[in-house]
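For reference, final_38.txt (compact mmCIF, C-alpha atoms and all ligand atoms):
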# COMPACT_ATOMS: atom_id res chain seq x y z
CA MET P 249 -18.01 5.92 -11.72
CA GLU P 250 -17.67 5.79 -7.96
CA ARG P 251 -16.21 2.40 -7.18
CA ARG P 252 -15.11 2.92 -3.61
CA ARG P 253 -16.38 0.26 -1.28
CA ARG P 254 -17.38 0.67 2.29
CA PHE P 255 -14.36 -1.50 3.10
CA PRO P 256 -11.34 -2.11 0.97
CA SER P 257 -11.37 -5.86 0.38
CA ALA P 258 -8.36 -8.13 0.70
CA ARG P 259 -6.72 -8.94 -2.61
CA GLY P 260 -5.06 -12.14 -3.66
CA LYS P 261 -6.46 -14.24 -0.86
CA PRO P 262 -8.65 -17.27 -1.42
CA GLN P 263 -12.38 -16.97 -0.91
CA THR P 264 -13.34 -18.53 2.38
CA ALA P 265 -16.44 -20.56 2.96
CA HIS P 266 -18.52 -19.95 6.05
CA PRO P 267 -17.34 -22.25 8.86
CA ARG P 268 -20.90 -23.17 9.79
CA PHE P 269 -21.10 -24.94 6.47
CA GLN P 270 -17.54 -26.16 6.25
CA GLY P 271 -17.19 -27.50 9.78
CA ASN P 272 -13.58 -26.31 10.04
CA ARG P 273 -11.51 -23.18 10.26
CA ALA P 274 -12.21 -21.12 7.22
CA GLN P 275 -9.68 -21.68 4.49
CA GLY P 276 -7.44 -18.64 4.30
CA ALA P 277 -8.38 -17.39 7.76
CA PRO P 278 -5.40 -16.28 9.79
CA ALA P 279 -4.43 -18.97 12.28
CA GLN P 280 -3.97 -17.88 15.88
CA GLN P 281 -0.24 -17.42 16.28
CA GLN P 282 1.42 -19.74 18.77
CA GLY P 283 1.84 -17.96 22.08
CA ALA P 284 -0.06 -14.90 20.83
CA PRO P 285 -2.87 -13.70 23.06
CA ALA P 286 -6.27 -14.92 21.93
CA GLN P 287 -8.11 -12.42 19.79
CA ARG P 288 -10.97 -10.95 21.77
CA PRO P 289 -14.27 -10.22 20.07
CA GLY P 290 -14.12 -6.59 19.03
CA ASP P 291 -10.30 -6.52 18.70
CA ALA P 292 -10.37 -6.20 14.94
CA TRP P 293 -12.80 -3.28 15.11
CA ASP P 294 -10.71 -1.70 17.85
CA GLN P 295 -7.79 -1.84 15.41
CA ALA P 296 -9.89 -0.30 12.68
CA ALA P 297 -11.55 2.28 14.91
CA THR P 298 -9.39 5.30 14.06
CA TRP P 299 -9.67 4.63 10.34
CA TYR P 300 -13.42 4.00 10.53
CA ASP P 301 -13.99 7.09 12.65
CA ALA P 302 -12.12 9.25 10.13
CA LEU P 303 -14.19 7.73 7.30
CA VAL P 304 -17.51 8.37 9.03
CA GLY P 305 -16.78 11.58 10.92
CA GLU P 306 -19.36 13.53 12.85
CA ARG P 307 -22.30 13.21 10.45
CA GLY P 308 -21.46 10.19 8.34
CA SER P 309 -19.75 9.28 5.08
CA GLU P 310 -21.25 10.70 1.91
CA PHE P 311 -23.47 7.63 1.46
CA GLN P 312 -24.57 7.74 5.07
CA GLN P 313 -25.48 11.43 4.83
CA HIS P 314 -27.25 11.28 1.48
CA VAL P 315 -28.89 7.87 1.51
CA VAL P 316 -28.53 5.71 4.59
CA ILE P 317 -29.28 7.95 7.56
CA PRO P 318 -32.28 9.74 5.97
CA GLY P 319 -33.69 6.38 4.81
CA THR P 320 -33.19 4.76 8.20
CA LEU P 321 -34.84 7.65 10.06
CA ARG P 322 -37.79 7.56 7.66
CA LEU P 323 -38.29 3.80 8.06
CA LEU P 324 -37.91 3.94 11.85
CA GLU P 325 -40.70 6.54 12.14
CA VAL P 326 -39.29 7.72 15.46
CA LYS P 327 -41.44 9.96 17.63
CA PRO P 328 -39.83 12.36 20.11
CA GLY P 329 -39.18 10.70 23.46
CA GLU P 330 -39.19 7.15 22.11
CA GLN P 331 -36.53 4.74 23.34
CA VAL P 332 -34.39 3.63 20.40
CA LEU P 333 -31.56 1.09 20.33
CA ASP P 334 -28.68 1.42 17.83
CA ILE P 335 -27.22 -2.09 17.41
CA GLY P 336 -23.58 -2.15 16.29
CA CYS P 337 -23.50 1.63 16.70
CA GLY P 338 -19.80 2.05 15.87
CA GLN P 339 -18.70 5.62 16.58
CA GLY P 340 -22.33 6.66 16.99
CA VAL P 341 -23.21 8.32 13.71
CA LEU P 342 -26.80 7.01 13.65
CA SER P 343 -27.21 7.45 17.40
CA ARG P 344 -26.45 11.18 17.00
CA ALA P 345 -28.97 11.46 14.16
CA LEU P 346 -31.60 9.69 16.27
CA HIS P 347 -30.87 12.00 19.18
CA GLY P 348 -31.32 14.89 16.76
CA VAL P 349 -34.90 13.83 16.03
CA GLY P 350 -35.73 13.61 19.71
CA ALA P 351 -35.22 9.91 20.51
CA ALA P 352 -33.79 8.65 23.79
CA VAL P 353 -30.90 6.64 22.36
CA THR P 354 -28.86 3.67 23.53
CA GLY P 355 -26.00 2.50 21.32
CA VAL P 356 -24.32 -0.89 21.73
CA ASP P 357 -21.16 -2.11 20.07
CA LEU P 358 -18.58 -4.82 20.60
CA SER P 359 -15.61 -2.50 20.06
CA THR P 360 -14.46 -0.70 23.18
CA ARG P 361 -12.51 1.81 21.09
CA LEU P 362 -15.44 2.70 18.84
CA VAL P 363 -17.66 3.14 21.88
CA GLU P 364 -15.04 5.49 23.38
CA LEU P 365 -15.06 7.50 20.15
CA ALA P 366 -18.86 7.50 20.12
CA ARG P 367 -18.89 8.96 23.64
CA GLN P 368 -16.33 11.61 22.69
CA ARG P 369 -18.27 12.67 19.62
CA SER P 370 -21.78 12.57 21.06
CA GLN P 371 -24.11 14.44 23.34
CA LYS P 372 -24.03 13.19 26.94
CA ALA P 373 -27.70 12.21 26.77
CA ILE P 374 -26.84 9.29 24.47
CA ARG P 375 -26.03 6.12 26.39
CA TYR P 376 -23.32 3.88 24.89
CA LEU P 377 -22.54 0.37 26.05
CA VAL P 378 -19.88 -2.14 25.05
CA ALA P 379 -21.83 -5.31 24.38
CA ASP P 380 -22.25 -8.16 21.95
CA ALA P 381 -25.46 -7.66 19.98
CA GLY P 382 -26.26 -11.32 20.54
CA ARG P 383 -25.93 -11.00 24.33
CA LEU P 384 -27.63 -7.88 25.56
CA GLY P 385 -28.30 -9.10 29.11
CA VAL P 386 -27.50 -5.59 30.38
CA LEU P 387 -30.73 -4.35 28.73
CA ALA P 388 -34.14 -5.14 30.23
CA ASP P 389 -36.96 -6.89 28.36
CA ARG P 390 -39.45 -4.75 26.43
CA THR P 391 -37.59 -1.47 26.89
CA PHE P 392 -37.34 -0.09 23.36
CA ASP P 393 -39.88 1.31 20.92
CA ALA P 394 -37.55 0.81 17.97
CA ALA P 395 -34.13 -0.52 17.05
CA ALA P 396 -31.82 -0.18 14.07
CA CYS P 397 -28.82 -2.15 12.91
CA VAL P 398 -27.00 -0.31 10.13
CA PHE P 399 -24.01 -1.81 8.29
CA ALA P 400 -23.29 -4.12 11.20
CA LEU P 401 -25.23 -7.37 10.66
CA GLN P 402 -22.88 -8.39 7.86
CA ASN P 403 -20.02 -8.11 10.34
CA MET P 404 -21.70 -10.50 12.75
CA GLU P 405 -21.11 -14.23 12.54
CA ALA P 406 -24.66 -15.20 13.47
CA VAL P 407 -27.85 -13.21 13.06
CA GLU P 408 -30.18 -15.48 15.05
CA PRO P 409 -28.97 -14.35 18.52
CA VAL P 410 -29.10 -10.72 17.40
CA PHE P 411 -32.74 -11.00 16.31
CA LYS P 412 -33.57 -12.97 19.46
CA GLU P 413 -32.17 -10.19 21.63
CA ALA P 414 -33.86 -7.51 19.52
CA ALA P 415 -37.20 -9.30 19.96
CA ARG P 416 -36.62 -9.50 23.72
CA VAL P 417 -35.72 -5.85 24.28
CA LEU P 418 -38.33 -4.40 21.91
CA ARG P 419 -41.82 -3.65 23.12
CA PRO P 420 -44.71 -5.42 21.38
CA SER P 421 -45.12 -3.84 17.91
CA GLY P 422 -41.62 -2.35 18.21
CA ARG P 423 -39.89 -1.66 14.90
CA LEU P 424 -36.55 -3.09 13.82
CA VAL P 425 -34.79 -1.53 10.82
CA LEU P 426 -31.88 -3.35 9.20
CA VAL P 427 -29.62 -1.79 6.59
CA LEU P 428 -27.22 -4.00 4.63
CA MET P 429 -24.91 -3.71 1.70
CA HIS P 430 -27.26 -5.22 -0.87
CA PRO P 431 -26.67 -8.97 -0.48
CA ALA P 432 -27.67 -9.77 -4.07
CA PHE P 433 -25.40 -7.27 -5.83
CA ARG P 434 -22.64 -6.21 -3.44
CA ILE P 435 -20.82 -9.31 -2.32
CA PRO P 436 -17.16 -8.58 -1.65
CA ARG P 437 -14.95 -10.44 -4.13
CA GLN P 438 -18.00 -12.15 -5.66
CA SER P 439 -19.51 -9.22 -7.54
CA ARG P 440 -18.11 -6.50 -9.78
CA TRP P 441 -18.87 -4.17 -12.65
CA GLY P 442 -18.32 -5.34 -16.21
CA TRP P 443 -18.49 -3.62 -19.58
CA ASP P 444 -20.32 -5.06 -22.61
CA GLU P 445 -18.51 -3.44 -25.53
CA GLU P 446 -21.03 -4.59 -28.14
CA ARG P 447 -24.07 -3.21 -26.33
CA LYS P 448 -22.19 -0.34 -24.67
CA LEU P 449 -23.64 -1.43 -21.37
CA GLN P 450 -22.23 -1.54 -17.92
CA PHE P 451 -23.42 -4.71 -16.19
CA ARG P 452 -23.11 -6.19 -12.75
CA ALA P 453 -21.53 -9.62 -12.51
CA VAL P 454 -22.33 -11.84 -9.52
CA ASP P 455 -20.41 -15.09 -9.12
CA ARG P 456 -22.12 -16.54 -6.06
CA TYR P 457 -25.24 -15.66 -4.12
CA LEU P 458 -27.01 -18.51 -2.34
CA SER P 459 -23.96 -19.87 -0.49
CA PRO P 460 -23.26 -18.21 2.86
CA LEU P 461 -19.67 -16.97 2.81
CA LYS P 462 -17.18 -15.64 5.31
CA ILE P 463 -15.02 -13.08 3.55
CA PRO P 464 -11.93 -11.50 5.11
CA ILE P 465 -11.73 -7.74 4.82
CA ASP P 466 -8.29 -6.25 4.66
CA LEU P 467 -8.06 -3.16 6.79
CA ARG P 468 -4.34 -2.68 6.30
CA PRO P 469 -2.45 -0.78 7.54
CA PHE P 470 -4.66 -1.07 10.59
CA ARG P 471 -4.63 -4.83 10.81
CA ALA P 472 -2.24 -6.54 13.17
CA PRO P 473 -1.08 -10.13 12.60
CA GLY P 474 -3.90 -12.56 13.23
CA GLN P 475 -6.55 -9.85 13.17
CA THR P 476 -9.02 -9.41 10.39
CA THR P 477 -12.54 -8.11 10.18
CA TRP P 478 -14.97 -10.30 8.33
CA THR P 479 -17.98 -9.86 6.17
CA TYR P 480 -20.57 -12.60 6.39
CA HIS P 481 -22.50 -12.93 3.18
CA ARG P 482 -25.96 -14.47 3.49
CA PRO P 483 -28.71 -14.67 0.92
CA LEU P 484 -31.79 -12.62 1.67
CA GLN P 485 -33.82 -15.71 2.59
CA GLU P 486 -31.56 -16.27 5.64
CA TYR P 487 -32.44 -12.87 7.07
CA VAL P 488 -36.14 -13.33 6.44
CA THR P 489 -36.20 -16.83 7.94
CA ALA P 490 -34.29 -15.74 11.04
CA LEU P 491 -36.55 -12.71 11.55
CA ALA P 492 -39.71 -14.82 11.20
CA LYS P 493 -38.35 -17.34 13.72
CA GLU P 494 -38.19 -14.59 16.34
CA GLY P 495 -41.71 -13.42 15.58
CA PHE P 496 -40.86 -10.45 13.39
CA VAL P 497 -43.10 -9.52 10.48
CA ILE P 498 -41.46 -7.60 7.65
CA ASN P 499 -43.58 -4.65 6.59
CA ALA P 500 -41.14 -2.72 4.39
CA LEU P 501 -38.29 -3.58 2.06
CA GLU P 502 -36.44 -0.86 0.19
CA GLU P 503 -33.46 -0.98 -2.17
CA TRP P 504 -31.40 2.19 -2.17
CA ALA P 505 -29.23 3.21 -5.09
CA SER P 506 -26.24 5.50 -4.94
CA HIS P 507 -27.01 9.21 -5.10
CA LYS P 508 -23.89 9.85 -7.22
CA GLU P 509 -23.72 10.95 -10.86
CA SER P 510 -20.84 10.36 -13.27
CA GLN P 511 -19.06 13.34 -14.76
CA ALA P 512 -19.87 13.98 -18.42
CA GLY P 513 -17.96 11.65 -20.74
CA PRO P 514 -18.33 8.77 -23.17
CA VAL P 515 -19.50 6.25 -20.56
CA ALA P 516 -21.38 8.57 -18.20
CA LYS P 517 -24.81 7.54 -19.48
CA ALA P 518 -24.07 3.83 -19.10
CA GLU P 519 -22.57 4.35 -15.66
CA ASN P 520 -25.51 6.42 -14.44
CA ARG P 521 -27.94 3.82 -15.74
CA ALA P 522 -26.07 0.98 -14.04
CA ARG P 523 -25.81 2.93 -10.81
CA ALA P 524 -29.55 3.57 -10.83
CA GLU P 525 -30.40 -0.06 -11.70
CA PHE P 526 -28.25 -1.90 -9.17
CA PRO P 527 -28.91 -0.80 -5.61
CA LEU P 528 -26.08 -0.40 -3.14
CA PHE P 529 -28.12 -0.98 -0.01
CA LEU P 530 -31.03 -3.09 1.16
CA ALA P 531 -33.24 -1.88 4.01
CA LEU P 532 -35.80 -3.99 5.85
CA ARG P 533 -38.29 -2.95 8.48
CA ALA P 534 -39.73 -5.66 10.67
CA VAL P 535 -42.25 -5.37 13.47
CA ARG P 536 -42.14 -7.46 16.60
CA SER P 537 -45.34 -9.41 17.03
CA ALA P 538 -47.58 -8.10 19.79
C1 LIG D 1 -19.18 -1.15 9.62
S1 LIG D 1 -19.31 -0.82 11.30
C2 LIG D 1 -20.88 0.04 11.35
C3 LIG D 1 -21.00 0.97 12.50
C4 LIG D 1 -22.20 1.92 12.46
N1 LIG D 1 -23.45 1.22 12.55
C5 LIG D 1 -22.17 2.81 11.24
O1 LIG D 1 -23.13 2.78 10.45
O2 LIG D 1 -21.20 3.53 11.06
C6 LIG D 1 -19.73 -2.40 11.97
C7 LIG D 1 -19.84 -2.37 13.47
O3 LIG D 1 -20.35 -3.61 13.95
C8 LIG D 1 -19.77 -3.83 15.21
N2 LIG D 1 -19.95 -5.25 15.58
C9 LIG D 1 -19.46 -6.34 14.93
N3 LIG D 1 -19.87 -7.44 15.55
C10 LIG D 1 -20.62 -7.05 16.61
C11 LIG D 1 -21.33 -7.75 17.62
N4 LIG D 1 -21.36 -9.07 17.68
N5 LIG D 1 -22.02 -7.02 18.54
C12 LIG D 1 -22.02 -5.66 18.50
N6 LIG D 1 -21.37 -4.96 17.55
C13 LIG D 1 -20.68 -5.64 16.62
C14 LIG D 1 -18.32 -3.43 15.00
O4 LIG D 1 -17.63 -3.24 16.21
C15 LIG D 1 -18.52 -2.16 14.19
O5 LIG D 1 -18.64 -1.03 15.00
What's the structure tokens form of this structure?
Amino acid sequence: MERRRRFPSARGKPQTAHPRFQGNRAQGAPAQQQGAPAQRPGDAWDQAATWYDALVGERGSEFQQHVVIPGTLRLLEVKPGEQVLDIGCGQGVLSRALHGVGAAVTGVDLSTRLVELARQRSQKAIRYLVADAGRLGVLADRTFDAAACVFALQNMEAVEPVFKEAARVLRPSGRLVLVLMHPAFRIPRQSRWGWDEERKLQFRAVDRYLSPLKIPIDLRPFRAPGQTTWTYHRPLQEYVTALAKEGFVINALEEWASHKESQAGPVAKAENRARAEFPLFLALRAVRSA
């Protein structure tokens, strides 16, 4: 069975609790080295940019091409000429797909290096900006017909400012599509496959779900001392509450399973069943109140 994760996770390090709930530096988080320059937001993704760009390429990883990009385009319901914002655009894989269906696209990302790569890989008509998704002052109010944030929210420490900015820059009734690693089943270091020998069943084990967690992601050999990218696990209710607070109404929720099939063998049936039962991704579409 395909077990590759979107990010290889750090091994042998303690689980860290989210600092918002711990009130201190996350246990296990790398301390800023004495005399070392402060880590700028986006540094860790700058470090990972070459690796991530190679993983995603021009048209996306296998999952992006088969599942994520088609699903996102379908949920966004983009019409030619619409203004669409790609939040946490990375090296621009979704922006290019949106451009391909006729949207006027703006991509924003915190990583200078990924934005450079996005510009290199993309058509000139796509506008890319280096910006924090929670501080999009460079973009005017009520400019966009739709926005998407794919595989990026779980890399952001707080979602409230991101939804606040999305609500500000979207036009009334503008659509916002969010795509996440499924927060109920795919929690780095807190979920895994297991095998029930008696029932010949592959099951999914989940150790924790309701507690928000800050989980370091090991991007070695790309990580420099003191630099780590993080995944922020939140239960689904946190996303829904934060969206509602900014006046968004959710009108679609989809759970996308892997498109892959196991090769014939003694456990192929069990693996295929488990893969079809436990979705990899969660997609939400919310509409900004008029
Ligand atoms: C896993 S990548 C996803 C990139 C792209 N959406 C894709 O599907 O390939 C996560 C992205 O989130 C960006 N990111 C993290 N925090 C951000 C923030 N506060 N504002 C904007 N982008 C951010 C990172 O720089 C990185 O490009």
Quote the spacing between atom CA of Phe529 of chain P and atom CA of Pro409 of chain P in Å to one decimal place. 22.9 Å
Please give the centre and size of the box around ligand LIG 1 (chain D) (axis-aligned, containing every atom listed in the file, 5 Å added per side), with values in Å to one decimal and written as AutoDock Vina command-line options.
--center_x -20.5 --center_y -2.8 --center_z 14.1 --size_x 15.8 --size_y 22.6 --size_z 18.9
May I ask which of the residues P:Ala531, P:Ala366, P:Leu424, P:Leu342 is the closest one to ligand LIG 1 (chain D), counting all atoms listed in the file?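 Answer, going by the shortest atom-to-atom distance: P:Leu342.
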In Å, with one decimal, what is the gap from atom CA of Glu494 of chain P to atom CA of Lys412 of chain P?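 Between atom CA of Glu494 of chain P and atom CA of Lys412 of chain P the gap is 5.8 Å.
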Kindly give the distance, in Å, that separates atom CA of Val497 of chain P and atom CA of Val386 of chain P, rounded to a single decimal.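 Atom CA of Val386 of chain P lies 25.6 Å from atom CA of Val497 of chain P.
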Please check which protein, DNA or RNA residues sit within 8 Å of ligand LIG 1 (chain D), counting all atoms listed in the file, and write them as an NGL selection string. :P and (254 or 289-290 or 292-294 or 297 or 300 or 304 or 308 or 312 or 334-342 or 356-359 or 362 or 378-382 or 397-405 or 410)
Closest to Ser537 of chain P among P:Ser439, P:Ser506, P:Ser421, P:Thr391, using only C-alpha atoms?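 Between P:Ser439, P:Ser506, P:Ser421, P:Thr391, the residue approaching Ser537 of chain P most closely is P:Ser421.
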With all atoms listed in the file as the counted atoms, please give the residues lying no more than 12 Å from Trp441 of chain P, apart from itself and same-chain residues fewer than 5 positions off, as a PyMOL selection string. chain P and resi 249-251+433-436+449-455+518-519+522-523+526
Excluding Lys327 of chain P and its own-chain neighbours fewer than 2 positions away, which residues fall within 10 Å of it when counting all atoms listed in the file? Please give them as a list in words.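 Final neighbour list, sorted by chain and number: Leu324, Glu325, Gly329, Glu330, Gln331, Val332, Leu346, Val349, Gly350, Ala351, Ala352, Asp393 and Ala394 of chain P.
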Pick from P:Arg383, P:His430, P:His507, P:Lys448: nearest to Pro483 of chain P, with all atoms listed in the file counted?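 Distance minimum relative to Pro483 of chain P lands on P:His430.
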So that I can see what lies close to Glu408 of chain P, please list as a count of residues only the residues with an atom at most 10 Å from it, counting only C-alpha atoms and leaving out residues fewer than 4 positions away in the same chain. 11
